[in-house]
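Shown next, in structure tokens, is the structure this report addresses.
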There are 2 protein chains.
Amino acid sequence: MLIHSATQLLTLSGGPQRGGALGSLGIIENGAVLVRDEKIVSVGRTDELRAAYPGEPGLDATGCMVMPGFVDPHTHVIWGGDRAREFEMRLEGAKYLDILAAGGGIISTVRATRTASIEALIAQTRPRLLRMFATGTTTAEAKSGYGLQTATELRLLKALLALDDEGPMDLAITFLGAHAIAPEYTLAGGGQDDPQGYTDLVCETMLPIVRQWWETHAPRLPLPFVDVFCENKAFTLEQSRQVLTVACSLGFPVKIHADEFDNLGGASMAVELGAASADHLVKTSDADIAALGKSDTVAVSLPCTPFGLAEPEYTPAQKILDADGILALATDCNPGTAWNESMQFVIALACRYMGLTPAQAIAASTINSAHAIRRADKIGSLEEGKQADLLVMSVPDYRHLGYRFGTNLVKQVIKRGRVYSVDVGYYRTA
Amino acid sequence: MLIHSATQLLTLSGGPQRGGALGSLGIIENGAVLVRDEKIVSVGRTDELRAAYPGEPGLDATGCMVMPGFVDPHTHVIWGGDRAREFEMRLEGAKYLDILAAGGGIISTVRATRTASIEALIAQTRPRLLRMFATGTTTAEAKSGYGLQTATELRLLKALLALDDEGPMDLAITFLGAHAIAPEYTLAGGGQDDPQGYTDLVCETMLPIVRQWWETHAPRLPLPFVDVFCENKAFTLEQSRQVLTVACSLGFPVKIHADEFDNLGGASMAVELGAASADHLVKTSDADIAALGKSDTVAVSLPCTPFGLAEPEYTPAQKILDADGILALATDCNPGTAWNESMQFVIALACRYMGLTPAQAIAASTINSAHAIRRADKIGSLEEGKQADLLVMSVPDYRHLGYRFGTNLVKQVIKRGRVYSVDVGYYRTA
């Protein structure tokens, strides 16, 4: 199939984009992509590819911009229950402790998740993945982490494997048993105040079990990422180091949540441990930014989280670029702070509140975010041999991303060479 | 047709909601609406309506929230060209004058609009209206104002009448010849610096012509609104008064753009002239807010505009409610500052940056915004005898509006009794 006549074809070729190089779109005007089976065979100008492949069936992208599918490298997309009432309480002026007393906060999601069957978890997560896919995300990272007990965490991993298998979107799965201190280990949760006890449980019991379980249940897939929430009231720097060090020793690739509310030094530790990414990075120190800039650890910014909470401070993107860091963007889709599935909206925020140009935000949402989940060899750009994951956008120019907000500009998603129409519209049914 | 089994049915009954009364949703649990032809015949509990109308064909809204269609009372949805490059220039640090020198700003839209045929204008506007409809807006106000010369302004009105006629969304049309000083009357535009000359042209030539033209072309419709941009660098308070006074004397209902960047006193004047609404209201003084609070002039807030420009200041909603004002919300959809078609996103902003609860934001986007275009007798709530404009939302609870952002939560739009499916999804085409 020849996708042809794109007003602009963004190739994003050449690998992850570091520092000031961010925003190299590799634009081909009147561009075309030849797709066979699940792969990209050739990328070039429409006239060239038409001449080289006469008679090839076509998909006309006249008037449209064509680009790689979005890669969303940080989501908490599987959970039970919702927290709409908690959102309203916050607007009515309720404080954190009021919300906790009313049964809100992350632990409310943990309780709802623990009592949900795997069928219920899959049924609730599927429409969120559908929203991601319909807004152009062709691969998303997805974390466990609302179980905080071995059996539920394994149920979440099993559900995510089933949803990945179901498709059409691909998932990069992460084990986040160290998302919060389990309620059994906190006074507020009715247990003893023993965060170290829970950290030891994650390290000594969960991680070895997850490894063994994964090798049984997903023998053909590489091990999932292991992630930890390094933050005051979650895991200290030393506890985070303990979790990630054990994970590394078991062969897991690792990631970290760092500096969402306080700077504990998690990003530098992530660099030291060779983490794939350090995520959030709002309160990150200059020293941590310098460390990221000298590493291959991707700096993943999650602008929906400050937006969701109406907080004024976002990731200092320009500092990260000045330090030569590899910057990526993600939704952080989750029920507490940021229930948004659309990478297009992330781009709109990044342009306004992080000072990125549309071109920079697009590169941070494709090739760089693919690198953040260590799949930049297969996805994130339109290059020969890569997986045929691309978007036909109903706009003539890439700058419409960022410029426009609040709606979905995708016309068609092409996933592993198959065409899915998702254009805005309606049909009369009665 | 009986739309039944809604988890929550929001009636918004009882008329426009003033001051502290804002947010009365009139919720019926397990609710139903009986629709015949284009009208609502009955609203109540599912068991009651099923008993009263046995054998009525059903539309099952199980698990869904049902509410009135959104009414968007302020849009500039018809224009030629786009300003994506200008958006990028601003992010790259270009100043207003650089943008003007590069051919940007509102006058660039005026030039592109003037050279566009009516067919081109209709073709460009239709997908924007489709995005509005698919995100749940069943009636939208739509302004002319990118012509700034009689012939183009009439072409815009003609295009809007055609689009209203085409449906399915209804339009409330506004003549905004006084949107900006036409380039022929400014030094920057290559003319003489004569804003009063343009004001006189609007008053003495355009308004009488528009009135006569309307009576010929739309004899069965009431006269359109007349609006003016009362702001420094646009129309002074006295010029705005001149425009609106002439409009009133010709029988037009009126509106005003006031206090987007500076407080000139436009809102109080709007009250004095009995305007349907005063819109923007960011820099509004306490005296102007007090005047609005004592009037039936609706205070229309446009939160997408500060968001679009990444400016920190929004309409002081709580002050307007404290003064007993009638608050409404709108998209301000336009190519310069806020290209967003979705009222759902407006609600997400209003909750975060204006301190409204989801219930308040919903009332401000339905019954109160219907009042801002003087159609609250026909639309804006689910009440017997009103037009059957309603939404089946794919959420169980109204609080999901505001809480969630970036995607479209509408499942079905029912417009004048006809059902349009717009649920997020995709279909394989190859």
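Ordering of the structure tokens sets the chain letters (A, B, ...); residue numbers start at 1 within each chain; ligands are numbered from 1 in the order shown.
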
Would you list the contacts of segment 343-360 of chain A as an NGL selection string, taking every protein, DNA or RNA residue within 9 Å and counting only C-alpha atoms, but skipping same-chain residues closer than 4 positions in sequence?
(:A and (21-25 or 70-72 or 132 or 135-137 or 301-304 or 307 or 312-318 or 329-331 or 364-365 or 398-409)) or (:B and (87-89 or 91-92 or 307-310 or 405-407))

To test your reading of the structure, identify every residue in segment 140-232 of chain A that backbone DSSP assigns to alpha helix (DSSP H), and report it as number ranges by chain.
A: 150-166, 195-200, 207-217

Strand (DSSP E) call set, DSSP backbone run, segment 163-232 of chain A, as an NGL selection string
:A and (170-178 or 225-230)

Taking C-alpha atoms for each residue, export the selection above as a compact mmCIF listing (two decimals), in the first residue's frame.
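Saved to selection_23.txt:
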# COMPACT_ATOMS: atom_id res chain seq x y z
CA ASP A 170 0.88 -2.06 21.43
CA LEU A 171 1.67 -1.80 25.13
CA ALA A 172 5.05 -1.56 26.85
CA ILE A 173 4.32 -2.95 30.29
CA THR A 174 5.84 -1.73 33.55
CA PHE A 175 5.69 -3.24 37.03
CA LEU A 176 5.11 -0.43 39.55
CA GLY A 177 4.58 -2.33 42.80
CA ALA A 178 6.49 0.61 44.36
CA PHE A 225 10.18 -2.24 33.11
CA VAL A 226 10.35 -1.78 36.87
CA ASP A 227 9.49 1.70 38.11
CA VAL A 228 9.43 3.38 41.55
CA PHE A 229 7.81 6.55 42.89
CA CYS A 230 10.74 8.41 44.49

Go ahead and compute the interatomic distance for atom CA of Asn334 of chain A and atom CA of Cys333 of chain B, in Å to one decimal.
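We find that atom CA of Asn334 of chain A and atom CA of Cys333 of chain B lie 28.6 Å from each other.
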
Selection near segment 375-388 of chain A, 6 Å with only C-alpha atoms, sequence-local residues under 5 positions removed, as a list in words
Thr11, Leu12, Ser13, Glu38, Lys39, Ile40, Val41, Ser42, Pro68, Thr366, Ile367, Ala370, Arg416 and Gly417 of chain A

Quick one: residues within 7 Å of Thr62 of chain B, only C-alpha atoms counted, chain neighbours fewer than 3 positions away excluded, as a PyMOL selection string?
chain B and resi 5-7

Restricted to C-alpha atoms, what would the selected residues look like written as a PDB file, in the first residue's frame?
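The file below, selection.pdb, is the result:
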ATOM      1  CA  SER B   5     -32.298   4.169  31.888  1.00  0.00           C
ATOM      2  CA  ALA B   6     -29.855   7.069  32.131  1.00  0.00           C
ATOM      3  CA  THR B   7     -27.769   6.681  35.275  1.00  0.00           C
TER       4      THR B   7
END

Who sits within 9 Å of Val410 of chain A, only C-alpha atoms, same chain under 4 positions skipped, as a list of chain:residue names:
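Non-adjacent residues within range: A:Ala134, A:Thr135, A:Gly136, A:Leu391, A:Val392, A:Met393, A:Ser394, A:Val395, A:Ser421, A:Val422, A:Asp423, A:Val424.
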
Write to file, as a tab-separated table (two decimals), in the first residue's frame, the residues of the selection just made, with all heavy atoms.
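Full text of again_17.tsv as output:
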chain	number	residue	atom	x	y	z
A	134	ALA	N	-7.51	6.15	19.18
A	134	ALA	CA	-8.28	7.03	18.29
A	134	ALA	C	-7.70	8.44	18.25
A	134	ALA	O	-7.95	9.19	17.31
A	134	ALA	CB	-9.75	7.08	18.73
A	135	THR	N	-6.93	8.83	19.26
A	135	THR	CA	-6.26	10.13	19.22
A	135	THR	C	-4.81	10.00	18.75
A	135	THR	O	-4.04	10.95	18.86
A	135	THR	CB	-6.33	10.85	20.59
A	135	THR	OG1	-5.84	9.99	21.61
A	135	THR	CG2	-7.76	11.24	20.92
A	136	GLY	N	-4.44	8.83	18.23
A	136	GLY	CA	-3.18	8.71	17.50
A	136	GLY	C	-2.03	8.02	18.20
A	136	GLY	O	-0.93	7.96	17.66
A	391	LEU	N	0.21	8.06	11.21
A	391	LEU	CA	-1.04	8.81	11.32
A	391	LEU	C	-1.25	9.66	10.07
A	391	LEU	O	-0.31	10.31	9.61
A	391	LEU	CB	-0.99	9.76	12.53
A	391	LEU	CG	-0.63	9.12	13.87
A	391	LEU	CD1	-0.56	10.19	14.95
A	391	LEU	CD2	-1.63	8.03	14.24
A	392	VAL	N	-2.48	9.65	9.57
A	392	VAL	CA	-2.90	10.64	8.57
A	392	VAL	C	-3.70	11.67	9.34
A	392	VAL	O	-4.75	11.37	9.92
A	392	VAL	CB	-3.75	10.00	7.46
A	392	VAL	CG1	-4.16	11.06	6.43
A	392	VAL	CG2	-2.98	8.86	6.78
A	393	MET	N	-3.17	12.90	9.41
A	393	MET	CA	-3.81	13.95	10.21
A	393	MET	C	-4.62	14.85	9.28
A	393	MET	O	-4.12	15.23	8.20
A	393	MET	CB	-2.75	14.79	10.92
A	393	MET	CG	-1.78	14.00	11.78
A	393	MET	SD	-2.53	13.25	13.25
A	393	MET	CE	-2.81	14.70	14.25
A	394	SER	N	-5.79	15.25	9.71
A	394	SER	CA	-6.67	16.06	8.87
A	394	SER	C	-6.28	17.53	8.93
A	394	SER	O	-7.13	18.42	9.11
A	394	SER	CB	-8.13	15.88	9.27
A	394	SER	OG	-8.32	16.26	10.61
A	395	VAL	N	-4.99	17.81	8.79
A	395	VAL	CA	-4.45	19.17	8.76
A	395	VAL	C	-3.37	19.22	7.69
A	395	VAL	O	-2.72	18.21	7.43
A	395	VAL	CB	-3.86	19.58	10.13
A	395	VAL	CG1	-4.90	19.51	11.22
A	395	VAL	CG2	-2.65	18.72	10.50
A	421	SER	N	-9.94	4.01	10.41
A	421	SER	CA	-10.47	5.37	10.27
A	421	SER	C	-11.02	5.84	11.60
A	421	SER	O	-11.80	5.15	12.24
A	421	SER	CB	-11.59	5.39	9.22
A	421	SER	OG	-11.01	5.34	7.94
A	422	VAL	N	-10.61	7.03	12.01
A	422	VAL	CA	-11.08	7.55	13.29
A	422	VAL	C	-11.51	9.00	13.15
A	422	VAL	O	-11.65	9.71	14.13
A	422	VAL	CB	-9.98	7.47	14.37
A	422	VAL	CG1	-9.70	6.04	14.73
A	422	VAL	CG2	-8.71	8.18	13.94
A	423	ASP	N	-11.71	9.47	11.95
A	423	ASP	CA	-12.01	10.88	11.71
A	423	ASP	C	-13.24	11.31	12.50
A	423	ASP	O	-14.16	10.53	12.71
A	423	ASP	CB	-12.26	11.10	10.22
A	423	ASP	CG	-12.00	12.54	9.83
A	423	ASP	OD1	-11.51	13.31	10.66
A	423	ASP	OD2	-12.28	12.87	8.67
A	424	VAL	N	-13.23	12.55	12.91
A	424	VAL	CA	-14.38	13.11	13.61
A	424	VAL	C	-15.59	13.05	12.68
A	424	VAL	O	-15.47	13.22	11.47
A	424	VAL	CB	-14.07	14.56	14.04
A	424	VAL	CG1	-13.91	15.49	12.88
A	424	VAL	CG2	-15.12	15.08	14.98

Rank nothing, just name the residue among A:Asp322, A:His371, A:Ala94, A:Leu237 nearest to Ser277 of chain A, using only C-alpha atoms.
A:His371

Atom CA of Phe235 of chain A to atom CA of Gly190 of chain A, straight-line distance in Å
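We find that atom CA of Gly190 of chain A and atom CA of Phe235 of chain A lie 18.8 Å from each other.
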
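The space between atom CA of Arg241 of chain A and atom CA of Phe261 of chain A spans 18.5 Å.
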
Do you know which residues are at most 12 Å from Glu119 of chain B counting only C-alpha atoms, after dropping those on the same chain fewer than 5 positions away, and could you put them as an MDAnalysis selection string?
chainID B and resid 78 80 113 124:126 155:156 158:160 162:163
